[in-house]
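Some notes on the structure that comes next.
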Amino acid sequence: MTHQDRHNSWQQKVEKVRAKAPERKPFFATHSEIEVEPLYYQHVDDVDEKVSFPGEYPYTRGIHPNMYRSRLWTMRQYAGFGSATETNKRFRYLLEQGQTGLSVAFDLPTQIGYDSDDPMSIGEVGKVGVAIDSLEDMERLLAGIPLDRVSTSMTINSSASVLLAMYIVVGEKQGVPASQITGTIQNDILKEYIARGTYIYPPKQSMRLITDVFAYCTEHVPKWNTISISGYHIREAGSTAVQEVAFTLANGMAYVQAAIDAGLEIDKFAPRLSFFFNAHNNFFEEIAKFRAARRIWAGIMKDKFGAKNERSWQLRFHTQTGGSTLTAQQPDNNIVRVTVQALSAVLGGTQSLHTNSRDEALALPTEESARIALRTQQILALESGVADTVDPLGGSYYVEALTDAMEEETNRYLEKIEQLGGAVSAVEQGFMQREIHRVALETQRNIENGTEIVVGMNQYQIENEVQPELLRVDPELGKKQVADLQDLRLRRDNQAVEKCLAALQEAASGTENLMPFIIDAVRNYATVGEICHTMRKVFGEYQPY
Amino acid sequence: MLRPIRILIGKPGLDGHDRGALIIAQGLRDEGMEVIYTGLRQSPAQIVAMAIQEDVDLIGLSCLSGAHMELFPVVVTLLKEQKADDILVFGGGVIPQEDIPILKQQGIREIFTPGTTIQQTAQFIRQLMKEEKGWEGSLTNSGGAQL
């Protein structure tokens, strides 16, 4: 293809996008009124195939031909605490403040399949997120939020099928059919074993639940992102940027293989796979990481798995700034860290972004801190001009070299994991866990001996730290949650619940898709704990290696 | 011969953040101590049972989920009930400053928050061992690999 052909092909794609979503401005210019082109590139015939054009395989420069010129990334702040009613208030506040999508944080009992009155839940109800026991809580959580217009991301993994079922039923009650709801469930169990810890069942049974969700959504919930394959927590646990990408893509390959083995057609489910990465402080490496991840995934999907649909090749991702980079000392400094990290995500071509709040090393964010975090990305989007041209760092000697290096190092890990028998087997052997722990320990040593500087923590400390105001979750909320739950158990049709759970248990022992059974149970107000305990009886529980 | 300090690092509750627990476990081993790690999702009762069985000097509790006020003091209470309150308890995690005095009143000896070094923790442990248990080791690294 000549240079002109390539350019024309790209131009045509841009026109198509513009027809559907006009650009944000009729004319983009710098402050000095120099026109800003949608794309800058080398006008040569031997275009570097690895870099190519945006919206073109292998998507190094982004998955959209004109990236943020038409549509900015989705601003999606992770929120949730206490009761559903309380969290619903925070959601409405964030939407009023210009946030464009929701992201639900659930408390640990909900994430691990325990009801609020389970002895395992002591002290945890409503703490790191909202407590959801039954459909009733989900109805309160989403009250007054139009599910046909707002997309919702839910950080939920081992109990993802249950929470998705609740979302589907709330949608129905609002008059929004399952075919119209949009959003994401994290549903990525492998990284739970590796780094995050909210597993319930053993790997094999967990993988079945995941492929059941893929199959069900392909048919009934086509606009739903069925998984968010996450490097975020791997990085938070201490990994390097390379390990983050490598372990995430290895996990992604395991899900694709599991779905193929379950008889699903790749080009039907793969376009709904999505990813979730971290953004830490090493600015250019982070940008290179995002670009390399896209390129490697495109190659894996096209060459290894033989996907034909372009959308199966495209790695779409959410980014959150790095929680573990935040300091408890001089917490306002964290606003600056978040800005740098968020900028790397935007320059790396993210599809959605969560910017952390300054006080997250101390507690859950206050409303004021959450607002500053949202404002940070609004300033990047609307004042800085970085979103006005596609991949502004493409072609930089440094960034391209780093992108190549990240790709090479990542592939080395992927080969190693392949030799270990793939991601599931590598997780069972504790390979990723050990690799991450080794780096985490090294980082700690480097911070303690001062080779790695953390401003305000191991350099430029101050004597009298000001204690900021923190969000406290009202302990009464937990008691009320338990009382409401016990009241629900008296009010609902318990015979219907028993029947649904028995049917679910039987299906779990067989090979049928479990989603319809879970939806039935949820509709009859069976609780998260009851549904997960039913499956525990059949599947057993994971015991760490 | 000098007896090494024995510690149980515990993760009470449902919190899955174990980076800190794993680092402190390894770090204290490198400081010459004998460290056992409970793994995730242990109830206070399980942690206490393990501490008694393993005959440790101290328990270090780690919690980043905000459940520390409910979970940490229970460990101290259970130790007392089982006449094992010679085992000293300290903790760490994402814990607001204002909670620290309350936890100390309830018998938690110290709370370490983000930014604490392994050395500071090790130093605290040795000092406490000297004061409370007449431990005779040196206040600096008691053998083990240098960190």
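If you're wondering about the labels, chains in the structure tokens are A, B, ... by order shown, residues count from 1 in each chain, ligands from 1 in order shown.
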#### Entry: Residue list for chain A near chain B as a PyMOL selection string, 8 Å, only C-alpha atoms
chain A and resi 108-109+120-124+127-128+195-198+237-238+327-329+361-363+437+440-441+444-445+448+457+467+470
Can you pull out the residues contacting stretch 422-433 of chain A? Cut-off 9 Å, using only C-alpha atoms, and skip same-chain residues under 4 positions away; I want them as a PDB file with N, CA and C atoms, in the first residue's frame.
```pdb
ATOM      1  N   LEU A 190      -9.073 -14.640  37.561  1.00  0.00           N
ATOM      2  CA  LEU A 190      -7.659 -15.059  37.653  1.00  0.00           C
ATOM      3  C   LEU A 190      -6.827 -14.066  38.450  1.00  0.00           C
ATOM      4  N   LYS A 191      -7.075 -12.777  38.233  1.00  0.00           N
ATOM      5  CA  LYS A 191      -6.296 -11.799  38.993  1.00  0.00           C
ATOM      6  C   LYS A 191      -6.719 -11.754  40.464  1.00  0.00           C
ATOM      7  N   TYR A 193      -7.077 -14.528  42.237  1.00  0.00           N
ATOM      8  CA  TYR A 193      -6.146 -15.498  42.825  1.00  0.00           C
ATOM      9  C   TYR A 193      -4.737 -14.896  42.901  1.00  0.00           C
ATOM     10  N   ILE A 194      -4.404 -14.101  41.897  1.00  0.00           N
ATOM     11  CA  ILE A 194      -3.043 -13.557  41.821  1.00  0.00           C
ATOM     12  C   ILE A 194      -2.834 -12.431  42.825  1.00  0.00           C
ATOM     13  N   ALA A 195      -3.807 -11.509  42.911  1.00  0.00           N
ATOM     14  CA  ALA A 195      -3.476 -10.252  43.584  1.00  0.00           C
ATOM     15  C   ALA A 195      -4.569  -9.619  44.430  1.00  0.00           C
ATOM     16  N   PRO A 203     -10.560 -22.551  40.441  1.00  0.00           N
ATOM     17  CA  PRO A 203     -10.434 -21.979  39.098  1.00  0.00           C
ATOM     18  C   PRO A 203     -11.352 -22.595  38.038  1.00  0.00           C
ATOM     19  N   LYS A 204     -11.438 -23.905  37.995  1.00  0.00           N
ATOM     20  CA  LYS A 204     -12.201 -24.538  36.917  1.00  0.00           C
ATOM     21  C   LYS A 204     -13.669 -24.103  36.956  1.00  0.00           C
ATOM     22  N   ILE A 234      -2.896  -6.210  39.910  1.00  0.00           N
ATOM     23  CA  ILE A 234      -1.591  -6.853  39.799  1.00  0.00           C
ATOM     24  C   ILE A 234      -0.512  -5.798  40.065  1.00  0.00           C
ATOM     25  N   GLN A 243       5.164  -6.595  33.881  1.00  0.00           N
ATOM     26  CA  GLN A 243       4.413  -7.705  34.483  1.00  0.00           C
ATOM     27  C   GLN A 243       2.913  -7.435  34.439  1.00  0.00           C
ATOM     28  N   PHE A 247       0.899 -10.320  32.576  1.00  0.00           N
ATOM     29  CA  PHE A 247      -0.001 -11.207  33.323  1.00  0.00           C
ATOM     30  C   PHE A 247      -1.452 -10.969  32.902  1.00  0.00           C
ATOM     31  N   ALA A 250      -1.945 -12.568  29.501  1.00  0.00           N
ATOM     32  CA  ALA A 250      -1.937 -14.026  29.672  1.00  0.00           C
ATOM     33  C   ALA A 250      -3.288 -14.483  30.226  1.00  0.00           C
ATOM     34  N   ASN A 251      -3.808 -13.748  31.197  1.00  0.00           N
ATOM     35  CA  ASN A 251      -5.139 -14.071  31.721  1.00  0.00           C
ATOM     36  C   ASN A 251      -6.177 -13.940  30.619  1.00  0.00           C
ATOM     37  N   GLY A 252      -6.070 -12.874  29.825  1.00  0.00           N
ATOM     38  CA  GLY A 252      -7.004 -12.668  28.709  1.00  0.00           C
ATOM     39  C   GLY A 252      -7.004 -13.860  27.763  1.00  0.00           C
ATOM     40  N   MET A 253      -5.817 -14.362  27.454  1.00  0.00           N
ATOM     41  CA  MET A 253      -5.727 -15.521  26.561  1.00  0.00           C
ATOM     42  C   MET A 253      -6.413 -16.733  27.179  1.00  0.00           C
ATOM     43  N   ALA A 254      -6.291 -16.881  28.497  1.00  0.00           N
ATOM     44  CA  ALA A 254      -6.927 -18.018  29.171  1.00  0.00           C
ATOM     45  C   ALA A 254      -8.452 -17.929  29.062  1.00  0.00           C
ATOM     46  N   LEU A 414       5.121 -13.870  28.346  1.00  0.00           N
ATOM     47  CA  LEU A 414       4.029 -14.673  27.769  1.00  0.00           C
ATOM     48  C   LEU A 414       4.536 -16.054  27.373  1.00  0.00           C
ATOM     49  N   LYS A 416       7.046 -17.624  28.758  1.00  0.00           N
ATOM     50  CA  LYS A 416       7.299 -18.332  30.015  1.00  0.00           C
ATOM     51  C   LYS A 416       5.982 -18.932  30.567  1.00  0.00           C
ATOM     52  N   ILE A 417       4.921 -18.124  30.540  1.00  0.00           N
ATOM     53  CA  ILE A 417       3.622 -18.582  31.068  1.00  0.00           C
ATOM     54  C   ILE A 417       3.070 -19.710  30.195  1.00  0.00           C
ATOM     55  N   GLU A 418       3.281 -19.582  28.901  1.00  0.00           N
ATOM     56  CA  GLU A 418       2.889 -20.647  27.967  1.00  0.00           C
ATOM     57  C   GLU A 418       3.588 -21.961  28.357  1.00  0.00           C
ATOM     58  N   HIS A 437       5.562 -10.552  44.217  1.00  0.00           N
ATOM     59  CA  HIS A 437       6.063 -10.360  45.568  1.00  0.00           C
ATOM     60  C   HIS A 437       7.552  -9.973  45.561  1.00  0.00           C
ATOM     61  N   ARG A 438       8.300 -10.602  44.651  1.00  0.00           N
ATOM     62  CA  ARG A 438       9.730 -10.306  44.543  1.00  0.00           C
ATOM     63  C   ARG A 438       9.937  -8.816  44.242  1.00  0.00           C
ATOM     64  N   PRO A 544      -5.892 -21.462  48.665  1.00  0.00           N
ATOM     65  CA  PRO A 544      -4.643 -20.966  48.075  1.00  0.00           C
ATOM     66  C   PRO A 544      -3.550 -22.031  48.133  1.00  0.00           C
ATOM     67  N   TYR A 545      -2.683 -21.966  47.133  1.00  0.00           N
ATOM     68  CA  TYR A 545      -1.623 -22.984  47.019  1.00  0.00           C
ATOM     69  C   TYR A 545      -0.747 -23.042  48.263  1.00  0.00           C
TER      70      TYR A 545
END
```
### Query
Could you pull out all residues of chain B with a DSSP call of strand (DSSP E or B) and give them as number ranges by chain?
B: 6-10, 12, 34-37, 42, 58-63, 88-93, 111-112
Serialized selection, C-alpha atoms, as an mmCIF file, in the first residue's frame:
```cif
data_model
loop_
_atom_site.group_PDB
_atom_site.id
_atom_site.type_symbol
_atom_site.label_atom_id
_atom_site.label_comp_id
_atom_site.auth_asym_id
_atom_site.auth_seq_id
_atom_site.Cartn_x
_atom_site.Cartn_y
_atom_site.Cartn_z
ATOM 1 C CA ARG B 6 8.495 -15.325 66.924
ATOM 2 C CA ILE B 7 5.687 -13.420 65.203
ATOM 3 C CA LEU B 8 2.395 -14.295 63.578
ATOM 4 C CA ILE B 9 1.300 -11.906 60.821
ATOM 5 C CA GLY B 10 -2.482 -12.134 60.497
ATOM 6 C CA PRO B 12 -8.382 -10.738 59.868
ATOM 7 C CA GLU B 34 10.744 -16.113 62.872
ATOM 8 C CA VAL B 35 7.571 -15.143 61.060
ATOM 9 C CA ILE B 36 4.452 -17.133 60.251
ATOM 10 C CA TYR B 37 1.813 -15.682 57.911
ATOM 11 C CA GLN B 42 -8.912 -15.448 59.005
ATOM 12 C CA LEU B 58 3.582 -11.248 69.058
ATOM 13 C CA ILE B 59 0.734 -10.987 66.585
ATOM 14 C CA GLY B 60 0.860 -8.351 63.838
ATOM 15 C CA LEU B 61 -2.552 -7.650 62.303
ATOM 16 C CA SER B 62 -3.000 -6.087 58.871
ATOM 17 C CA CYS B 63 -6.250 -4.572 57.640
ATOM 18 C CA LEU B 88 1.474 -8.860 72.369
ATOM 19 C CA VAL B 89 -0.599 -7.418 69.531
ATOM 20 C CA PHE B 90 0.254 -4.660 67.070
ATOM 21 C CA GLY B 91 -1.319 -3.694 63.764
ATOM 22 C CA GLY B 92 -1.106 -1.769 60.536
ATOM 23 C CA GLY B 93 -2.996 -0.717 57.433
ATOM 24 C CA ILE B 111 -0.457 0.926 64.852
ATOM 25 C CA PHE B 112 1.740 1.398 61.787
#
```
#### Entry: Residues near stretch 395-407 of chain A, cut-off 8 Å, only C-alpha atoms, skip fewer than 5 positions along chain, as a PyMOL selection string
chain A and resi 41+242+284-285+287-289+291-293+296
### Query
Do you have the atom CA of A:Ile447-atom CA of A:Thr240 distance handy?
15.0 Å
#### Entry: Selected residue, from A:Arg316, A:Arg294, A:Lys50, A:Arg235, that lies nearest to A:Glu435 when counting only C-alpha atoms
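Checking each of A:Arg316, A:Arg294, A:Lys50, A:Arg235 against A:Glu435, counting only C-alpha atoms, the winner is A:Arg235.
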### Task
For A:Phe28, please output as a PyMOL selection string all residues within 8 Å (counting only C-alpha atoms; exclusion window: fewer than 6 positions along the same chain).
chain A and resi 35-37+388
### Task
Kindly give the distance, in Å, that separates atom CA of A:Asn411 and atom CA of A:Arg208, rounded to a single decimal.
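Here the two named atoms are 27.4 Å from each other.
Counting from atom CA of A:Ile181, the distance to atom CA of A:Ile372 is 29.4 Å.
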### Message
If we count only C-alpha atoms and set the cut-off at 9 Å, which residues sit around B:Thr140, ignoring sequence neighbours fewer than 6 positions away in its own chain? Please answer as an MDAnalysis selection string.
### Response
chainID B and resid 31 119 122:123 126
Just the alpha helix (DSSP H) stuff from stretch 114-143 of chain A, please, per backbone DSSP, written as a PDB file with C-alpha atoms, in the first residue's frame.
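The file below, states_34.pdb, is the result:
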```
ATOM      1  CA  LEU A 135     -32.540  -7.102  44.455  1.00  0.00           C
ATOM      2  CA  GLU A 136     -34.180  -4.647  46.830  1.00  0.00           C
ATOM      3  CA  ASP A 137     -30.784  -3.041  47.571  1.00  0.00           C
ATOM      4  CA  MET A 138     -29.999  -2.895  43.856  1.00  0.00           C
ATOM      5  CA  GLU A 139     -33.306  -1.117  43.235  1.00  0.00           C
ATOM      6  CA  ARG A 140     -32.370   1.472  45.862  1.00  0.00           C
ATOM      7  CA  LEU A 141     -28.863   1.824  44.452  1.00  0.00           C
TER       8      LEU A 141
END
```
